[in-house]
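Read through the structure below, which is laid out as structure tokens, and then see the notes.
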Amino acid sequence: MKANFYFSILATLLITAWYSQPAAGQSIPVKFGKVEESELAMRTYEKDTSAAAVVLLDFGYSQFIFGHEVKLETLRRTRIKILKKSGYDWANVVIPFYNNTTEKERVSGIKGYTYNLVDGKIIKDKLEPAAVFEERQTEQKSVKKFTLPNVKEGSVIEFEYTVSSDFIYTLRDWEFQTTIPTVWSEFRAKIPQYFDYKFLQHGYHPLHTPQDKYDPTLSGYRWIMKDLPALREEKYITTLTDYQSRLEFELENLHVPGETSKKMTGEWDDVIYDLLQSERFGSQLNRKGFFKNEVAAIVAQHKAPEQQMQTIYDLVKKSMKWNGKYGIYTTGSLRKAFENRTGNVAEVNLLLTAMLQEAGLDAAPVLVSTRDYGKVFKGTPLLSKFNYIIAYLKIGNKEYLLDATDPLLPAGMLPVRSLNGEGRVVKQKDDRWVALKPEGTYLKFYNGDVTINAQGEIKGKATESRSGYSALLMRKTIQEEGEDKYTEQMNRENGDFKISKPAIVNLHDPTKKLDLSYELTANGNGQANSIIYLNPMMGQGEKENPFKLNERAYPVDFAVPIDETYICRFTIPADYELEESPKSTRIALPNNGGTFTYMVEKQGNTIQVLSKIIIAKPIYYAQEYPHLKEFYAQVVAKHAEQLVLKKKQAN
Amino acid sequence: MPSNWFLRKSRQINTEVVANITQAYTLSTRILNMKRKLYTLLLLTFGLLAVQAEAQHKIDLVKGANAIVKLEETVFTVNSAGSGTTRIKTIITILNESGKEHARLQVAHDRLNKVDYIKGTSYDLAGKKIKSLKSSEIKDVSAGAGDNEILDTRVKYADMAHTVYPYTVEYEYQTTSSNMMFYPVWVPLASSKLSVEKATFQVLMPKGMKLRYRETNLQEKVKQSATATHDVYSWEVQNLTPLDTEPYGPFMAEVIPMVRTAPADFEVEGYRGSMESWQKYGHFINQLNAGRDVLPEATKQKLQALTADTKDPLAKIDKVYNYLQSNTRYVSIQLGLGGWQPLEAGFVASKGYGDCKALTNYTQAMLKEVGVPSFQALIRGGENEPAIMTDFPSSQFNHVVLCVPLQQDTLWLECTSQNESAGFSGSFTGSRKALLITPEGGKLVNTPSYTAADNTEHRTVKVKLDENGNGTANVISRYTGEEHETYRDLIHHYAAEEQRKWLYSNIKVPAFEVKKFAFDLKKGRQPEVTEKLELSLRQCATLSGKRMFLTPNLMNKWTTVPNTVEKRKWEVVRNSAYTNVDTVVYEMPVGYTLEFKPNDTEYKTAFGTYKATTKVDGQQVTYIRSLQMNKGRFSPDTYAKMIEFMNNMLKADAQQVVFVKNIP
């Protein structure tokens, strides 16, 4: 919708009021085109001596310009110190700008300088306008690209530009933190009374409030952070932006003089009501004619609601192919999607919801934000925070969460992408949060049975059973490789062990556990040994601690709990005895976080070794990290221990 | 991220062997910086693949395929020396989900290559039309250039994927090029899990113009005919079954049917040239470069002052190269002919940046100014790239370096790097042919080659263990040649904290902490990195009751073996050669007696030589392992021998020494 619909009349009234204000109010914290000698003399950044470059200042100022049309204008000014050659990339600047069919953004006033200290003198090189290139990357996105001249180790670069935007309801996020350290980051926004914005602050760093005479009524709101460390990627996280210090804006209310205020976010109740009225969401749920017969047949055939759920779920999985696209709205009608047998996630799972409802079941869609899309903040009902739809179903007291986008998923299990906090059930008068918990775990069960002879040769069989997310992953892998190729790949010798005759059971039935069984052999050294050393984990143990770093800034997010059991029976030669074996042990993580059990039992000439690792929670807070690290250190150490078999002394 | 976690949990089925932990990581962010519009090259550098033998009687095109090319017709019409039109019609049946990429069409274009039209239609199993491609469904996007690249290359793409398999997609499109440095390379079987029922290729040359071509792995040779105006060259293939991969196989380009074509005389943007010989190709490049080496007066003076105190060419080169490295950086601006013609030396002097051509040209101009002659050399840069076809002069390059002939030998300079040692080519440009651009034209020469004796890792470790098997390790490793590259990049591109993280994820010791670490790079023609580590080790030796187990190979174990292939079809190709020597000396806790010690092991094969010895002298265990791996091509039947060799190493590296506690 074009903005001047609201403001074309208003504009004339307002011009005087707004134009009399100074552009950016009080002192912008740096003067463009003038660099401090101390900034040029700086050789390393004290707070992070390894930094390749440092953002000395990042300043943004947004204001609304009321002319013939209303524009949102944002001035951006950035100054960066280049410390090392590996920081040169910061001198290549890319400014994205967007458009749709009626609205667009324009980038203007690009200026830039490189400053170098040469023989004690400041040399200033200007960015030539001819060196600014424009590239249309897609239909909606273009970029301005430029590179600053004569950048060397020690240079200070500086650039500014203005983005003038028709998207006046969207104040873009302000990112205080980036992948190099930032000394000072400041954003100001002068927001007219017609807009009620809500500010959401993310990340792990506090705002800075200088003791000065800054007057927000004159110069707009102001947010500052200083001395921010570089943002760094770690293992086991959702998405890095969940951990970045940034500010997000939500337009809550729009007050247009002479009209009643328009609520842009409102209460959940209203949001859900609107969503259920909307053409590309709620209305689609009400048009059930095109699948009436199919559902009627299912209901006639299956009486139990669980069976009805299962059959409808299988039907949608079979007849709808997810096209890989996200979004909470359909792109067209469900009927069309059903005819084309494909659709985005909203089309697939709204169809599932509609069919379940048609069968008389208590079903509703659920709004979800995927792990890559970021955490859901429960404070404000804001639809733009969601990018995914699943279905909710209640049978008696039991609740199910269903997702028909993946044919390998059994009913009730969610794909890893949607295991992200909570989702909102879209149900009139009964909308609420529902936990997007993993149903089931990453479950693996290894069962081996082998015989050892006096030459140290091993022969036997093993079965790896998988269910939950472990099975899901394995099925995906096998599907991608092809079953033949997969088993062919398995057929190999790896160190001591040689695997042969691999067989896969229940590959195509996601409701059953997936079994992979094979024969295995290991060569001895060909001689009769008086002592045989044997690692009883048969190559299945944890060999390295996945947690190596000493500290951890973010929570460890495994997404799903883990349950790995290993049992192997060893039949040893009759004239040998167990001289030594690892001690049985059990260790636990605090707060029922998990356990590791290891047991060796001997009965006659059979030795049974059991190892069981349970990681009970999907998420561990940063404070729990040392425990997790120690837990795995002990597992690795235990799994490295050996059995010692010794030939009995002849009588 | 969950994906990391899943990766760790999934069974390792990757078949590429990583002999040395450091080779697993390529930190280099350097990008091939000649224009990325060598569409044909893309096809040539797919990777290591091999062709599946055809069934003897009835040819089954469905088995192992995700899609079948029913018919593909490519007609390349040369309009003149400076213009050509390519029309392609392709009918492809997509058999399953995994084949849906073939329902997509991508056509690259830029200022010199225009797309005339694109048409598309899809059909269901019964041959009933599903839909026609609307022009609004053809997207036009930039060709995914990076932040430091400014290119005019764009891609038009369309996707006619359907959801009920099988279905058939038909595309027809035409492009017109005014960049006749490039003639098509015809690759009918351009990807794996694809079969081809029939594909044809025709080149129409105006009478009097010569076509140069090179056929490989074809069922039938060219057929020639003529029209009133054109000579017509036709090729056809039928019933090609899917490619299959074999570990350590040859490059796909070596084994699939292919026709490379190239002009004799050609023209681009007003420049005329000939490709009939490498010499003539070189003359053409000379034309593009002519007059672009003029330096500003100020730069000249600076260079004169810089080299005033020396007459030695080597010292001058050092100073000029150092000046280049501290005053310029790599930024790629390639618009139109800028893909092949360098920006002028004066531009680089004033802006301090340029692409490979601009920076090489600039360096050449600077060396000339101080009286050192040099030549630009076109090259196909990149690790593990197929060699250029030396007997078919044509546009096969993606990079340019500078070659400085000296009295004793020749020095090669990589001008896009701010850090590289003068004279080191390494895995990016070493061990291959380059086209030297001399005033007498082009000449193929060899770049420095790096052998197992050049690419080395020598490591000495001193370990002291206490009675719990915990301890400390002092590690000194020296890396040279291609083995030093990872560490070179680590030093130049990673901050200290990232280096520490890298060490944590690349040191293969079960449980350890990095107490201290330091890297030292010694530049030179044979640069080397010395790495010093202090590690604290946890349960380096494992206790079980009264026994203590020690795996003396602390941090350089062979870990993977490729899968068995029943009937090997293709030669075994090994592309890397290196030498590793590890010496680890342990001081064991007192109170233990040796119970078992592995025998000394030695394996000598054509692929490499492995030797490991373990000596125990009281509390001291000395382990020495040396491994030399060779590169080369080996007959298919030796594959099993290579697996055996690798598996033997894997076993030998896992051997343990066993001690028993003394009973007091």
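Naming works like this for the structure tokens: A, B, ... for the chains as they're shown, residue 1 at the start of each chain, ligands 1 onward in shown order.
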
Using only C-alpha atoms, find which residues of chain B lie within 6 Å of chain A and jot them down as a PDB file with C-alpha atoms, in the first residue's frame.
ATOM      1  CA  MET B   1      23.739 -24.892  14.723  1.00  0.00           C
ATOM      2  CA  PRO B   2      21.963 -28.196  14.665  1.00  0.00           C
ATOM      3  CA  VAL B 141      19.648 -11.556 -11.455  1.00  0.00           C
ATOM      4  CA  SER B 142      23.262 -10.561 -11.063  1.00  0.00           C
ATOM      5  CA  ASN B 148      34.921  -7.081  -3.822  1.00  0.00           C
ATOM      6  CA  LYS B 351      43.394   4.280  -6.528  1.00  0.00           C
ATOM      7  CA  GLY B 352      45.471   1.542  -4.974  1.00  0.00           C
ATOM      8  CA  HIS B 493      43.567 -13.837   7.695  1.00  0.00           C
ATOM      9  CA  ALA B 495      42.806 -12.997  14.390  1.00  0.00           C
ATOM     10  CA  ALA B 496      44.457 -14.636  17.402  1.00  0.00           C
ATOM     11  CA  PRO B 510      41.167 -36.781  22.168  1.00  0.00           C
ATOM     12  CA  SER B 544      42.640 -49.775  32.928  1.00  0.00           C
ATOM     13  CA  ASN B 563      35.322 -47.544  -0.015  1.00  0.00           C
ATOM     14  CA  THR B 564      35.994 -50.703  -1.919  1.00  0.00           C
ATOM     15  CA  ASN B 647      44.274 -49.264   5.836  1.00  0.00           C
ATOM     16  CA  LEU B 650      45.369 -46.526   9.731  1.00  0.00           C
ATOM     17  CA  LYS B 651      46.017 -49.670  11.753  1.00  0.00           C
TER      18      LYS B 651
END

Per DSSP on the backbone, what are the alpha helix (DSSP H) residues of segment 408-575 of chain A, as an mmCIF file with C-alpha atoms, in the first residue's frame?
data_model
loop_
_atom_site.group_PDB
_atom_site.id
_atom_site.type_symbol
_atom_site.label_atom_id
_atom_site.label_comp_id
_atom_site.auth_asym_id
_atom_site.auth_seq_id
_atom_site.Cartn_x
_atom_site.Cartn_y
_atom_site.Cartn_z
ATOM 1 C CA TYR A 469 15.619 -37.529 14.908
ATOM 2 C CA SER A 470 18.407 -40.037 14.452
ATOM 3 C CA ALA A 471 16.211 -42.112 12.154
ATOM 4 C CA LEU A 472 14.962 -39.010 10.360
ATOM 5 C CA LEU A 473 18.498 -37.939 9.603
ATOM 6 C CA MET A 474 19.588 -41.385 8.515
ATOM 7 C CA ARG A 475 16.571 -41.780 6.227
ATOM 8 C CA LYS A 476 17.385 -38.444 4.638
ATOM 9 C CA THR A 477 20.994 -39.452 4.103
ATOM 10 C CA ILE A 478 20.044 -42.788 2.581
ATOM 11 C CA GLN A 479 17.416 -41.160 0.411
ATOM 12 C CA GLU A 480 19.923 -38.653 -0.923
ATOM 13 C CA GLU A 481 22.612 -41.248 -1.537
ATOM 14 C CA GLU A 483 19.967 -47.203 -0.846
ATOM 15 C CA ASP A 484 22.342 -49.159 -3.083
ATOM 16 C CA LYS A 485 24.984 -46.506 -3.017
ATOM 17 C CA TYR A 486 24.684 -46.176 0.721
ATOM 18 C CA THR A 487 25.178 -49.846 1.442
ATOM 19 C CA GLU A 488 27.947 -49.995 -1.127
ATOM 20 C CA GLN A 489 29.716 -47.191 0.721
ATOM 21 C CA MET A 490 29.344 -49.079 3.989
#

key: Those of segment 264-497 of chain A in DSSP strand (DSSP E or B), formatted as JSON, numbers by chain   = {"A": [321, 322, 342, 343, 362, 363, 364, 365, 366, 367, 368, 388, 389, 390, 391, 392, 393, 394, 395, 398, 399, 400, 401, 402, 422, 423, 424, 425, 432, 433, 434, 435, 442, 443, 444, 445, 446, 447, 448, 449, 450, 451, 452, 458, 459, 460, 461, 462, 463, 464, 465, 466, 467, 468, 493, 494, 497]}

ask   = Near segment 206-214 of chain A, within 9 Å and counting only C-alpha atoms, which residues show up once chain neighbours fewer than 2 positions away are dropped, as a ChimeraX atom specification?
value = /A:26,203-204,216,218-219,222-226,245

For the residues in that selection, give me C-alpha atoms as an mmCIF file, in the first residue's frame.
data_model
loop_
_atom_site.group_PDB
_atom_site.id
_atom_site.type_symbol
_atom_site.label_atom_id
_atom_site.label_comp_id
_atom_site.auth_asym_id
_atom_site.auth_seq_id
_atom_site.Cartn_x
_atom_site.Cartn_y
_atom_site.Cartn_z
ATOM 1 C CA GLN A 26 22.052 18.340 18.352
ATOM 2 C CA GLY A 203 21.752 -9.213 22.586
ATOM 3 C CA TYR A 204 23.972 -9.268 25.610
ATOM 4 C CA PRO A 216 14.964 13.958 22.754
ATOM 5 C CA LEU A 218 14.152 18.339 19.946
ATOM 6 C CA SER A 219 16.442 15.771 18.384
ATOM 7 C CA ARG A 222 18.708 8.195 20.858
ATOM 8 C CA TRP A 223 20.259 4.756 21.475
ATOM 9 C CA ILE A 224 23.954 4.277 22.044
ATOM 10 C CA MET A 225 26.191 1.308 22.681
ATOM 11 C CA LYS A 226 29.916 1.548 23.092
ATOM 12 C CA SER A 245 23.234 -6.571 19.951
#

message = Show me, as a PyMOL selection string, the residues that have an atom within 7 Å of Met264 of chain A when counting only C-alpha atoms, minus same-chain residues fewer than 3 positions from it.
response = chain A and resi 251-254

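Each of B:His102, B:Glu297, B:Asp147, B:Thr93 was compared to Gly127 of chain B using only C-alpha atoms, and B:Thr93 turns out to be the nearest.
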
request  = Write out as a ChimeraX atom specification which residues come within 8 Å of segment 268-271 of chain A when counting only C-alpha atoms, dropping same-chain ones fewer than 3 positions away.
outcome  = /A:265,274-275,381,428-429,431

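Each of B:Asn286, B:Ser449, B:Thr559, B:Gln304 was compared to Ser431 of chain B using only C-alpha atoms, and B:Ser449 turns out to be the nearest.
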
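Using only C-alpha atoms for every distance, the candidate list B:Ile333, B:Ala541, B:Leu71, B:Ile88 yields B:Leu71 as the residue closest to Gln238 of chain B.
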
message = Taking 3 positions as the minimum chain separation for residues in the same chain, which residues sit within 8 Å of Arg104 of chain B when counting only C-alpha atoms? Answer as a PyMOL selection string.
response = chain B and resi 100-101+157-161
